[in-house]
file start_23.pdb (PDB, C-alpha atoms and all ligand atoms)
ATOM      1  CA  MET A   1    -139.857-100.938-175.192  1.00  0.00           C
ATOM      2  CA  LYS A   2    -136.718-102.452-176.737  1.00  0.00           C
ATOM      3  CA  LEU A   3    -136.331-102.602-180.504  1.00  0.00           C
ATOM      4  CA  LEU A   4    -136.583-106.292-181.486  1.00  0.00           C
ATOM      5  CA  LEU A   5    -134.281-107.499-184.244  1.00  0.00           C
ATOM      6  CA  ALA A   6    -135.321-111.045-185.049  1.00  0.00           C
ATOM      7  CA  ALA A   7    -133.872-113.580-187.484  1.00  0.00           C
ATOM      8  CA  ASN A   8    -135.911-116.483-188.838  1.00  0.00           C
ATOM      9  CA  TRP A   9    -133.548-119.057-190.287  1.00  0.00           C
ATOM     10  CA  LYS A  10    -136.406-121.266-191.564  1.00  0.00           C
ATOM     11  CA  MET A  11    -135.067-124.665-192.766  1.00  0.00           C
ATOM     12  CA  TYR A  12    -131.456-123.571-193.115  1.00  0.00           C
ATOM     13  CA  LYS A  13    -128.295-124.534-191.170  1.00  0.00           C
ATOM     14  CA  THR A  14    -127.160-127.596-189.254  1.00  0.00           C
ATOM     15  CA  GLY A  15    -126.193-127.267-185.592  1.00  0.00           C
ATOM     16  CA  GLU A  16    -122.554-126.746-186.490  1.00  0.00           C
ATOM     17  CA  GLU A  17    -123.363-124.102-189.111  1.00  0.00           C
ATOM     18  CA  ALA A  18    -125.699-122.351-186.686  1.00  0.00           C
ATOM     19  CA  VAL A  19    -123.021-122.107-183.983  1.00  0.00           C
ATOM     20  CA  LEU A  20    -120.511-120.691-186.489  1.00  0.00           C
ATOM     21  CA  THR A  21    -122.928-117.990-187.689  1.00  0.00           C
ATOM     22  CA  LEU A  22    -124.100-117.168-184.155  1.00  0.00           C
ATOM     23  CA  THR A  23    -120.521-116.845-182.913  1.00  0.00           C
ATOM     24  CA  ASP A  24    -119.700-114.480-185.792  1.00  0.00           C
ATOM     25  CA  LEU A  25    -122.911-112.563-185.065  1.00  0.00           C
ATOM     26  CA  GLY A  26    -122.049-112.341-181.355  1.00  0.00           C
ATOM     27  CA  ARG A  27    -118.692-110.757-182.224  1.00  0.00           C
ATOM     28  CA  ARG A  28    -120.302-108.220-184.545  1.00  0.00           C
ATOM     29  CA  LEU A  29    -122.998-107.363-181.999  1.00  0.00           C
ATOM     30  CA  SER A  30    -120.726-107.075-178.962  1.00  0.00           C
ATOM     31  CA  SER A  31    -121.598-103.376-178.704  1.00  0.00           C
ATOM     32  CA  LEU A  32    -125.332-103.751-179.357  1.00  0.00           C
ATOM     33  CA  PRO A  33    -127.085-100.710-177.818  1.00  0.00           C
ATOM     34  CA  GLU A  34    -128.977-101.458-174.582  1.00  0.00           C
ATOM     35  CA  ASP A  35    -132.294-100.527-176.184  1.00  0.00           C
ATOM     36  CA  ARG A  36    -132.090-103.327-178.763  1.00  0.00           C
ATOM     37  CA  GLN A  37    -132.738-107.062-178.423  1.00  0.00           C
ATOM     38  CA  VAL A  38    -131.638-109.688-180.938  1.00  0.00           C
ATOM     39  CA  ILE A  39    -133.372-113.067-181.254  1.00  0.00           C
ATOM     40  CA  VAL A  40    -132.456-115.817-183.713  1.00  0.00           C
ATOM     41  CA  PHE A  41    -135.112-118.446-184.499  1.00  0.00           C
ATOM     42  CA  VAL A  42    -133.055-121.512-185.392  1.00  0.00           C
ATOM     43  CA  PRO A  43    -134.197-124.933-186.654  1.00  0.00           C
ATOM     44  CA  PHE A  44    -135.135-127.392-183.872  1.00  0.00           C
ATOM     45  CA  THR A  45    -132.094-129.565-184.572  1.00  0.00           C
ATOM     46  CA  ALA A  46    -129.700-126.628-184.031  1.00  0.00           C
ATOM     47  CA  LEU A  47    -131.276-125.385-180.820  1.00  0.00           C
ATOM     48  CA  ALA A  48    -129.476-127.530-178.223  1.00  0.00           C
ATOM     49  CA  GLN A  49    -126.054-127.077-179.823  1.00  0.00           C
ATOM     50  CA  ALA A  50    -126.619-123.327-180.094  1.00  0.00           C
ATOM     51  CA  GLY A  51    -127.930-123.263-176.516  1.00  0.00           C
ATOM     52  CA  GLN A  52    -124.727-124.889-175.256  1.00  0.00           C
ATOM     53  CA  ALA A  53    -122.560-122.374-177.136  1.00  0.00           C
ATOM     54  CA  ARG A  54    -124.446-119.296-175.844  1.00  0.00           C
ATOM     55  CA  ALA A  55    -121.421-117.913-173.981  1.00  0.00           C
ATOM     56  CA  ALA A  56    -119.902-117.168-177.408  1.00  0.00           C
ATOM     57  CA  PHE A  57    -122.806-114.870-178.369  1.00  0.00           C
ATOM     58  CA  PRO A  58    -124.288-113.352-175.208  1.00  0.00           C
ATOM     59  CA  ALA A  59    -125.997-110.531-177.120  1.00  0.00           C
ATOM     60  CA  VAL A  60    -128.223-113.027-178.936  1.00  0.00           C
ATOM     61  CA  SER A  61    -131.294-114.835-177.559  1.00  0.00           C
ATOM     62  CA  LEU A  62    -132.470-118.064-179.155  1.00  0.00           C
ATOM     63  CA  GLY A  63    -135.900-119.163-180.247  1.00  0.00           C
ATOM     64  CA  ALA A  64    -137.685-122.008-182.045  1.00  0.00           C
ATOM     65  CA  GLN A  65    -139.859-121.557-185.122  1.00  0.00           C
ATOM     66  CA  ASN A  66    -142.810-123.605-183.943  1.00  0.00           C
ATOM     67  CA  CYS A  67    -144.114-125.631-180.996  1.00  0.00           C
ATOM     68  CA  TYR A  68    -147.047-127.823-180.033  1.00  0.00           C
ATOM     69  CA  PRO A  69    -149.445-126.652-177.300  1.00  0.00           C
ATOM     70  CA  ALA A  70    -149.093-129.537-174.856  1.00  0.00           C
ATOM     71  CA  GLU A  71    -146.629-130.494-172.134  1.00  0.00           C
ATOM     72  CA  GLU A  72    -145.893-133.894-173.666  1.00  0.00           C
ATOM     73  CA  GLY A  73    -147.757-136.717-175.302  1.00  0.00           C
ATOM     74  CA  ALA A  74    -148.348-138.741-178.452  1.00  0.00           C
ATOM     75  CA  PHE A  75    -147.789-135.916-180.956  1.00  0.00           C
ATOM     76  CA  THR A  76    -145.424-137.395-183.502  1.00  0.00           C
ATOM     77  CA  GLY A  77    -143.077-134.862-185.039  1.00  0.00           C
ATOM     78  CA  GLU A  78    -143.842-132.055-182.587  1.00  0.00           C
ATOM     79  CA  ILE A  79    -141.921-130.454-179.739  1.00  0.00           C
ATOM     80  CA  SER A  80    -143.172-128.734-176.605  1.00  0.00           C
ATOM     81  CA  PRO A  81    -142.371-125.289-175.160  1.00  0.00           C
ATOM     82  CA  ALA A  82    -140.674-127.034-172.203  1.00  0.00           C
ATOM     83  CA  MET A  83    -138.353-128.866-174.624  1.00  0.00           C
ATOM     84  CA  ILE A  84    -137.505-125.571-176.305  1.00  0.00           C
ATOM     85  CA  ARG A  85    -136.679-124.005-172.942  1.00  0.00           C
ATOM     86  CA  ALA A  86    -134.573-126.987-171.870  1.00  0.00           C
ATOM     87  CA  ALA A  87    -132.540-126.652-175.070  1.00  0.00           C
ATOM     88  CA  GLY A  88    -131.809-122.959-174.462  1.00  0.00           C
ATOM     89  CA  GLY A  89    -134.634-121.282-176.374  1.00  0.00           C
ATOM     90  CA  THR A  90    -136.540-118.439-174.734  1.00  0.00           C
ATOM     91  CA  TRP A  91    -138.778-117.442-177.650  1.00  0.00           C
ATOM     92  CA  VAL A  92    -141.001-119.096-180.229  1.00  0.00           C
ATOM     93  CA  LEU A  93    -142.770-118.001-183.415  1.00  0.00           C
ATOM     94  CA  ALA A  94    -146.489-118.698-183.816  1.00  0.00           C
ATOM     95  CA  GLY A  95    -148.498-118.509-187.008  1.00  0.00           C
ATOM     96  CA  HIS A  96    -145.785-117.818-189.553  1.00  0.00           C
ATOM     97  CA  SER A  97    -147.429-117.579-192.973  1.00  0.00           C
ATOM     98  CA  GLU A  98    -145.462-120.625-194.137  1.00  0.00           C
ATOM     99  CA  ARG A  99    -147.014-122.621-191.280  1.00  0.00           C
ATOM    100  CA  ARG A 100    -150.451-121.255-192.173  1.00  0.00           C
ATOM    101  CA  SER A 101    -150.234-121.916-195.909  1.00  0.00           C
ATOM    102  CA  LEU A 102    -147.918-124.923-196.344  1.00  0.00           C
ATOM    103  CA  PHE A 103    -149.014-126.832-193.231  1.00  0.00           C
ATOM    104  CA  GLN A 104    -152.650-125.716-193.015  1.00  0.00           C
ATOM    105  CA  GLU A 105    -152.334-124.307-189.499  1.00  0.00           C
ATOM    106  CA  SER A 106    -155.632-122.781-188.467  1.00  0.00           C
ATOM    107  CA  ASP A 107    -156.231-119.552-186.570  1.00  0.00           C
ATOM    108  CA  LEU A 108    -157.542-121.737-183.740  1.00  0.00           C
ATOM    109  CA  LEU A 109    -154.393-123.867-183.455  1.00  0.00           C
ATOM    110  CA  ILE A 110    -152.200-120.759-183.653  1.00  0.00           C
ATOM    111  CA  GLY A 111    -154.181-119.209-180.807  1.00  0.00           C
ATOM    112  CA  ARG A 112    -153.695-122.326-178.696  1.00  0.00           C
ATOM    113  CA  LYS A 113    -149.962-122.329-179.396  1.00  0.00           C
ATOM    114  CA  THR A 114    -149.613-118.651-178.519  1.00  0.00           C
ATOM    115  CA  ALA A 115    -151.424-118.959-175.198  1.00  0.00           C
ATOM    116  CA  PHE A 116    -149.755-122.229-174.223  1.00  0.00           C
ATOM    117  CA  ALA A 117    -146.210-121.107-175.073  1.00  0.00           C
ATOM    118  CA  LEU A 118    -146.628-117.860-173.108  1.00  0.00           C
ATOM    119  CA  LYS A 119    -147.961-119.773-170.117  1.00  0.00           C
ATOM    120  CA  ALA A 120    -145.034-122.182-170.388  1.00  0.00           C
ATOM    121  CA  GLY A 121    -142.604-119.282-169.999  1.00  0.00           C
ATOM    122  CA  LEU A 122    -141.567-118.527-173.575  1.00  0.00           C
ATOM    123  CA  GLY A 123    -141.744-115.178-175.321  1.00  0.00           C
ATOM    124  CA  VAL A 124    -143.975-115.366-178.419  1.00  0.00           C
ATOM    125  CA  ILE A 125    -143.962-113.489-181.704  1.00  0.00           C
ATOM    126  CA  LEU A 126    -147.361-113.971-183.367  1.00  0.00           C
ATOM    127  CA  CYS A 127    -147.102-113.547-187.141  1.00  0.00           C
ATOM    128  CA  VAL A 128    -149.992-112.059-189.107  1.00  0.00           C
ATOM    129  CA  GLY A 129    -150.315-110.829-192.662  1.00  0.00           C
ATOM    130  CA  GLU A 130    -152.519-110.769-195.715  1.00  0.00           C
ATOM    131  CA  SER A 131    -152.042-112.530-199.042  1.00  0.00           C
ATOM    132  CA  LEU A 132    -152.012-110.554-202.284  1.00  0.00           C
ATOM    133  CA  PRO A 133    -155.593-111.545-203.264  1.00  0.00           C
ATOM    134  CA  GLU A 134    -156.801-110.530-199.785  1.00  0.00           C
ATOM    135  CA  ARG A 135    -155.102-107.148-200.104  1.00  0.00           C
ATOM    136  CA  GLU A 136    -156.464-106.624-203.628  1.00  0.00           C
ATOM    137  CA  ARG A 137    -159.991-107.413-202.433  1.00  0.00           C
ATOM    138  CA  GLY A 138    -159.626-104.652-199.833  1.00  0.00           C
ATOM    139  CA  ASP A 139    -159.620-107.170-196.976  1.00  0.00           C
ATOM    140  CA  LEU A 140    -156.435-106.027-195.226  1.00  0.00           C
ATOM    141  CA  GLN A 141    -158.115-104.892-192.008  1.00  0.00           C
ATOM    142  CA  PRO A 142    -160.538-107.811-191.540  1.00  0.00           C
ATOM    143  CA  VAL A 143    -157.799-110.362-192.225  1.00  0.00           C
ATOM    144  CA  LEU A 144    -155.368-108.814-189.735  1.00  0.00           C
ATOM    145  CA  GLU A 145    -158.086-108.416-187.116  1.00  0.00           C
ATOM    146  CA  ARG A 146    -159.278-112.001-187.547  1.00  0.00           C
ATOM    147  CA  GLN A 147    -155.733-113.358-187.156  1.00  0.00           C
ATOM    148  CA  LEU A 148    -155.069-111.160-184.110  1.00  0.00           C
ATOM    149  CA  GLU A 149    -158.400-111.964-182.458  1.00  0.00           C
ATOM    150  CA  ALA A 150    -157.852-115.710-182.837  1.00  0.00           C
ATOM    151  CA  GLY A 151    -154.139-115.539-181.994  1.00  0.00           C
ATOM    152  CA  LEU A 152    -154.811-113.657-178.754  1.00  0.00           C
ATOM    153  CA  ALA A 153    -158.123-115.297-177.811  1.00  0.00           C
ATOM    154  CA  ALA A 154    -156.781-117.274-174.851  1.00  0.00           C
ATOM    155  CA  VAL A 155    -153.802-115.114-173.892  1.00  0.00           C
ATOM    156  CA  ASP A 156    -153.601-113.911-170.293  1.00  0.00           C
ATOM    157  CA  PRO A 157    -152.659-110.188-170.466  1.00  0.00           C
ATOM    158  CA  VAL A 158    -150.148-110.714-167.654  1.00  0.00           C
ATOM    159  CA  PHE A 159    -147.844-112.217-170.313  1.00  0.00           C
ATOM    160  CA  LEU A 160    -147.967-109.238-172.694  1.00  0.00           C
ATOM    161  CA  PRO A 161    -144.445-108.009-171.719  1.00  0.00           C
ATOM    162  CA  ARG A 162    -142.989-111.007-173.567  1.00  0.00           C
ATOM    163  CA  PHE A 163    -145.377-110.946-176.489  1.00  0.00           C
ATOM    164  CA  ALA A 164    -144.959-109.222-179.867  1.00  0.00           C
ATOM    165  CA  VAL A 165    -146.735-109.216-183.223  1.00  0.00           C
ATOM    166  CA  ALA A 166    -144.939-109.522-186.565  1.00  0.00           C
ATOM    167  CA  TYR A 167    -146.699-108.059-189.594  1.00  0.00           C
ATOM    168  CA  GLU A 168    -145.541-110.101-192.563  1.00  0.00           C
ATOM    169  CA  PRO A 169    -147.481-109.496-195.786  1.00  0.00           C
ATOM    170  CA  VAL A 170    -147.357-112.835-197.607  1.00  0.00           C
ATOM    171  CA  TRP A 171    -146.599-111.124-200.925  1.00  0.00           C
ATOM    172  CA  ALA A 172    -143.409-109.571-199.491  1.00  0.00           C
ATOM    173  CA  ILE A 173    -141.887-112.747-198.021  1.00  0.00           C
ATOM    174  CA  GLY A 174    -138.901-114.061-199.940  1.00  0.00           C
ATOM    175  CA  THR A 175    -139.982-112.153-203.037  1.00  0.00           C
ATOM    176  CA  GLY A 176    -137.639-109.177-202.816  1.00  0.00           C
ATOM    177  CA  ARG A 177    -140.778-107.041-202.939  1.00  0.00           C
ATOM    178  CA  VAL A 178    -140.659-105.081-199.701  1.00  0.00           C
ATOM    179  CA  ALA A 179    -143.823-103.330-198.553  1.00  0.00           C
ATOM    180  CA  GLY A 180    -143.497 -99.575-199.000  1.00  0.00           C
ATOM    181  CA  PRO A 181    -143.562 -97.162-196.048  1.00  0.00           C
ATOM    182  CA  ALA A 182    -147.225 -96.258-196.673  1.00  0.00           C
ATOM    183  CA  GLU A 183    -148.263 -99.931-196.699  1.00  0.00           C
ATOM    184  CA  ILE A 184    -146.290-100.679-193.532  1.00  0.00           C
ATOM    185  CA  LEU A 185    -147.677 -97.610-191.752  1.00  0.00           C
ATOM    186  CA  GLU A 186    -151.246 -98.528-192.713  1.00  0.00           C
ATOM    187  CA  SER A 187    -151.003-102.143-191.528  1.00  0.00           C
ATOM    188  CA  HIS A 188    -149.128-101.352-188.336  1.00  0.00           C
ATOM    189  CA  ALA A 189    -151.735 -98.702-187.503  1.00  0.00           C
ATOM    190  CA  VAL A 190    -154.496-101.310-187.934  1.00  0.00           C
ATOM    191  CA  ILE A 191    -152.627-103.692-185.620  1.00  0.00           C
ATOM    192  CA  ARG A 192    -151.894-100.974-183.049  1.00  0.00           C
ATOM    193  CA  ALA A 193    -155.547 -99.859-183.027  1.00  0.00           C
ATOM    194  CA  PHE A 194    -156.679-103.460-182.497  1.00  0.00           C
ATOM    195  CA  LEU A 195    -154.252-103.917-179.590  1.00  0.00           C
ATOM    196  CA  GLU A 196    -155.301-100.604-178.023  1.00  0.00           C
ATOM    197  CA  ARG A 197    -158.966-101.641-178.209  1.00  0.00           C
ATOM    198  CA  LYS A 198    -158.319-105.101-176.817  1.00  0.00           C
ATOM    199  CA  TYR A 199    -155.967-104.066-174.016  1.00  0.00           C
ATOM    200  CA  ALA A 200    -157.236-100.634-173.085  1.00  0.00           C
ATOM    201  CA  GLY A 201    -154.243 -98.521-172.174  1.00  0.00           C
ATOM    202  CA  ARG A 202    -151.692-101.329-172.681  1.00  0.00           C
ATOM    203  CA  GLY A 203    -151.772-101.822-176.454  1.00  0.00           C
ATOM    204  CA  GLY A 204    -148.926 -99.356-176.863  1.00  0.00           C
ATOM    205  CA  GLU A 205    -146.609-101.613-174.840  1.00  0.00           C
ATOM    206  CA  ILE A 206    -146.744-104.427-177.401  1.00  0.00           C
ATOM    207  CA  GLY A 207    -143.998-104.522-180.025  1.00  0.00           C
ATOM    208  CA  ILE A 208    -145.029-104.701-183.691  1.00  0.00           C
ATOM    209  CA  LEU A 209    -142.330-106.005-186.037  1.00  0.00           C
ATOM    210  CA  TYR A 210    -142.289-105.779-189.818  1.00  0.00           C
ATOM    211  CA  GLY A 211    -141.141-108.775-191.876  1.00  0.00           C
ATOM    212  CA  GLY A 212    -140.817-109.340-195.625  1.00  0.00           C
ATOM    213  CA  SER A 213    -137.662-108.729-197.709  1.00  0.00           C
ATOM    214  CA  VAL A 214    -135.930-106.663-195.018  1.00  0.00           C
ATOM    215  CA  LYS A 215    -132.324-106.009-196.115  1.00  0.00           C
ATOM    216  CA  PRO A 216    -129.440-103.891-194.775  1.00  0.00           C
ATOM    217  CA  ASP A 217    -130.294-101.101-197.233  1.00  0.00           C
ATOM    218  CA  ASN A 218    -133.982-100.738-196.253  1.00  0.00           C
ATOM    219  CA  ALA A 219    -133.844-101.645-192.527  1.00  0.00           C
ATOM    220  CA  GLY A 220    -133.027 -98.111-191.329  1.00  0.00           C
ATOM    221  CA  THR A 221    -136.015 -96.594-193.119  1.00  0.00           C
ATOM    222  CA  ILE A 222    -138.393 -99.327-191.922  1.00  0.00           C
ATOM    223  CA  LEU A 223    -137.200 -99.109-188.307  1.00  0.00           C
ATOM    224  CA  GLY A 224    -137.774 -95.355-188.373  1.00  0.00           C
ATOM    225  CA  LEU A 225    -141.505 -95.660-189.177  1.00  0.00           C
ATOM    226  CA  ASP A 226    -144.270 -95.007-186.649  1.00  0.00           C
ATOM    227  CA  ASN A 227    -145.480 -98.135-184.842  1.00  0.00           C
ATOM    228  CA  VAL A 228    -142.529-100.200-186.078  1.00  0.00           C
ATOM    229  CA  ASN A 229    -140.751-101.691-183.058  1.00  0.00           C
ATOM    230  CA  GLY A 230    -138.504-104.143-184.840  1.00  0.00           C
ATOM    231  CA  VAL A 231    -138.038-106.424-187.828  1.00  0.00           C
ATOM    232  CA  LEU A 232    -138.311-110.157-188.526  1.00  0.00           C
ATOM    233  CA  VAL A 233    -135.784-111.113-191.185  1.00  0.00           C
ATOM    234  CA  GLY A 234    -135.586-114.266-193.317  1.00  0.00           C
ATOM    235  CA  GLY A 235    -133.096-114.436-196.194  1.00  0.00           C
ATOM    236  CA  ALA A 236    -130.881-111.551-195.086  1.00  0.00           C
ATOM    237  CA  SER A 237    -130.500-113.060-191.599  1.00  0.00           C
ATOM    238  CA  LEU A 238    -128.600-116.133-192.770  1.00  0.00           C
ATOM    239  CA  GLN A 239    -125.267-114.315-192.960  1.00  0.00           C
ATOM    240  CA  ALA A 240    -123.856-112.633-189.841  1.00  0.00           C
ATOM    241  CA  GLU A 241    -122.610-109.723-191.949  1.00  0.00           C
ATOM    242  CA  SER A 242    -126.007-108.733-193.363  1.00  0.00           C
ATOM    243  CA  PHE A 243    -128.038-109.499-190.224  1.00  0.00           C
ATOM    244  CA  SER A 244    -125.659-107.553-187.963  1.00  0.00           C
ATOM    245  CA  ALA A 245    -125.926-104.594-190.367  1.00  0.00           C
ATOM    246  CA  ILE A 246    -129.715-104.775-189.980  1.00  0.00           C
ATOM    247  CA  ALA A 247    -129.528-105.160-186.184  1.00  0.00           C
ATOM    248  CA  LEU A 248    -127.324-102.075-185.942  1.00  0.00           C
ATOM    249  CA  ALA A 249    -129.214-100.008-188.570  1.00  0.00           C
TER     250      ALA A 249
HETATM  251  P1  LIG A 301    -137.642-112.760-196.083  1.00  0.00           P
HETATM  252  O1  LIG A 301    -136.880-111.738-195.247  1.00  0.00           O
HETATM  253  O2  LIG A 301    -136.727-113.775-196.714  1.00  0.00           O
HETATM  254  O3  LIG A 301    -138.572-112.110-197.042  1.00  0.00           O
HETATM  255  O4  LIG A 301    -138.541-113.617-195.053  1.00  0.00           O
HETATM  256  C1  LIG A 301    -139.362-112.948-194.167  1.00  0.00           C
HETATM  257  C2  LIG A 301    -139.892-113.913-193.184  1.00  0.00           C
HETATM  258  O5  LIG A 301    -140.669-114.786-193.521  1.00  0.00           O
HETATM  259  C3  LIG A 301    -139.424-113.816-191.801  1.00  0.00           C
HETATM  260  O6  LIG A 301    -140.178-114.631-190.955  1.00  0.00           O
END
call {"tool": "encode", "arguments": {"input": "start_23.pdb", "output": "structure tokens"}}
result
Amino acid sequence: MKLLLAANWKMYKTGEEAVLTLTDLGRRLSSLPEDRQVIVFVPFTALAQAGQARAAFPAVSLGAQNCYPAEEGAFTGEISPAMIRAAGGTWVLAGHSERRSLFQESDLLIGRKTAFALKAGLGVILCVGESLPERERGDLQPVLERQLEAGLAAVDPVFLPRFAVAYEPVWAIGTGRVAGPAEILESHAVIRAFLERKYAGRGGEIGILYGGSVKPDNAGTILGLDNVNGVLVGGASLQAESFSAIALA
């Protein structure tokens, strides 16, 4: 399994800014080891421009941060997996905690998106993670299992080679408060055990990424932990210098 180094640019960068950063990133990652894969999740409006400039950053794959689970239709404000692919994206995020909390996305909708996007040919990173109150109540395991169960409910296992999970504890996102090694190990073990149960014998093939205040100075330690197969980076991914340091950590 390749190590996945993923950048989530959230609502930052115009098309022009995205191409500049991606080109810089491509230069810095020209000698990316074969066993690593870099994906940048850009805003919708930057996707086509970035897709056209891909020759300048061949080491980097592109993704979108969200999609709607339908081929086309009267869904104002949404875009389909086919539109993402046509613009040069090969991956999509599903269930980011900001989508869950700020836009009231339900487990059910996230499950539909995950299954539909995989079927439509995209790779999917399904994001899961507990809030601070949930963790303090001792609900870590049930929350992660509920999100995974719903997220994977309609997924055909044939698509698992282009599926990954990102564990992003809500309390560690954008707060500078990174989860400690023991917390990451515990959560990733819960996720791995769930995947092993659900896909007898194949759960070990699914990448589990950690996300939440990953920086160049903690990436090496995090990537060295058991059951950590990559990272999903927000703030520190916006500059080519810091994200390339993470991708090469
Ligand atoms: P930060 O790296 O800014 O904490 O964001 C994490 C995240 O939400 C990635 O999807």
call {"tool": "closest_residue", "arguments": {"input": "start_23.pdb", "among": "A:Val19, A:Leu148, A:Leu29, A:Leu109", "to": "Arg197 (chain A)", "atoms": "only C-alpha atoms"}}
result
A:Leu148
call {"tool": "residues_around", "arguments": {"input": "start_23.pdb", "residues": "Leu140 (chain A)", "least_positions_apart": "4", "cutoff": "8 Å", "atoms": "only C-alpha atoms", "output": "PyMOL selection string"}}
result
chain A and resi 130+134-135+144+187
call {"tool": "closest_atom_pairs", "arguments": {"input": "start_23.pdb", "of": "chain A", "to": "ligand LIG 301 (chain A)", "cutoff": "9 Å", "atoms": "all atoms listed in the file", "output": "CSV"}}
result
residue,atom,partner,partner_atom,distance
A:Ala6,CA,A:LIG301,C3,8.4
A:Ala7,CA,A:LIG301,C3,7.0
A:Asn8,CA,A:LIG301,O6,5.1
A:Trp9,CA,A:LIG301,O6,8.0
A:Lys10,CA,A:LIG301,O6,7.7
A:Leu93,CA,A:LIG301,O6,8.7
A:His96,CA,A:LIG301,O6,6.6
A:Ser97,CA,A:LIG301,O5,7.3
A:Glu98,CA,A:LIG301,O5,7.6
A:Cys127,CA,A:LIG301,O6,8.0
A:Ala166,CA,A:LIG301,O6,8.2
A:Glu168,CA,A:LIG301,O5,6.8
A:Pro169,CA,A:LIG301,O5,8.9
A:Val170,CA,A:LIG301,O5,8.1
A:Trp171,CA,A:LIG301,O3,9.0
A:Ala172,CA,A:LIG301,O3,6.0
A:Ile173,CA,A:LIG301,O3,3.5
A:Gly174,CA,A:LIG301,O3,3.5
A:Thr175,CA,A:LIG301,O3,6.2
A:Gly176,CA,A:LIG301,O3,6.5
A:Arg177,CA,A:LIG301,O3,8.1
A:Val178,CA,A:LIG301,O3,7.8
A:Tyr210,CA,A:LIG301,C3,8.8
A:Gly211,CA,A:LIG301,C1,5.1
A:Gly212,CA,A:LIG301,O3,3.8
A:Ser213,CA,A:LIG301,O3,3.6
A:Val214,CA,A:LIG301,O1,5.2
A:Lys215,CA,A:LIG301,O1,7.4
A:Val231,CA,A:LIG301,C3,8.5
A:Leu232,CA,A:LIG301,C3,5.0
A:Val233,CA,A:LIG301,O1,4.3
A:Gly234,CA,A:LIG301,O1,3.4
A:Gly235,CA,A:LIG301,O2,3.7
A:Ala236,CA,A:LIG301,O1,6.0
A:Ser237,CA,A:LIG301,O1,7.5
call {"tool": "axis_aligned_box", "arguments": {"input": "start_23.pdb", "around": "region 144-157 of chain A", "padding_each_side": "5 Å", "output": "AutoDock Vina command-line options"}}
result
--center_x -156.0 --center_y -112.8 --center_z -180.0 --size_x 16.6 --size_y 18.9 --size_z 29.4
call {"tool": "residues_around", "arguments": {"input": "start_23.pdb", "residues": "Leu108 (chain A)", "least_positions_apart": "5", "cutoff": "12 Å", "atoms": "all atoms listed in the file", "output": "list in words"}}
result
Pro69, Ala94, Gly95, Arg100, Lys113, Thr114, Ala115, Arg146, Gln147, Leu148, Glu149, Ala150, Gly151, Leu152, Ala153 and Ala154 of chain A
call {"tool": "resolve_selection", "arguments": {"input": "start_23.pdb", "expression": "the PyMOL selection byres (((chain A and resi 161) around 10) and not hetatm)", "output": "list in words"}}
result
Met1, Gly123, Val124, Pro157, Val158, Phe159, Leu160, Arg162, Phe163, Ala164, Arg202, Glu205, Ile206 and Gly207 of chain A
call {"tool": "resolve_selection", "arguments": {"input": "start_23.pdb", "expression": "the PyMOL selection byres (((chain A and resi 89) around 8) and not hetatm)", "output": "VMD selection string"}}
result
chain A and resid 47 51 61 to 64 84 to 88 90 to 92 122
call {"tool": "resolve_selection", "arguments": {"input": "start_23.pdb", "expression": "the PyMOL selection byres (((chain A and resi 28) around 10) and not hetatm)", "output": "VMD selection string"}}
result
chain A and resid 22 to 27 29 to 32 57 59 240 to 241 243 to 245 247 to 248
call {"tool": "atom_distance", "arguments": {"input": "start_23.pdb", "atom1": "CA of Val143 (chain A)", "atom2": "CA of Ile191 (chain A)"}}
result
10.7 Å
call {"tool": "residues_around", "arguments": {"input": "start_23.pdb", "residues": "Ser80 (chain A)", "least_positions_apart": "6", "cutoff": "7 Å", "atoms": "all atoms listed in the file", "output": "PyMOL selection string"}}
result
chain A and resi 67-72
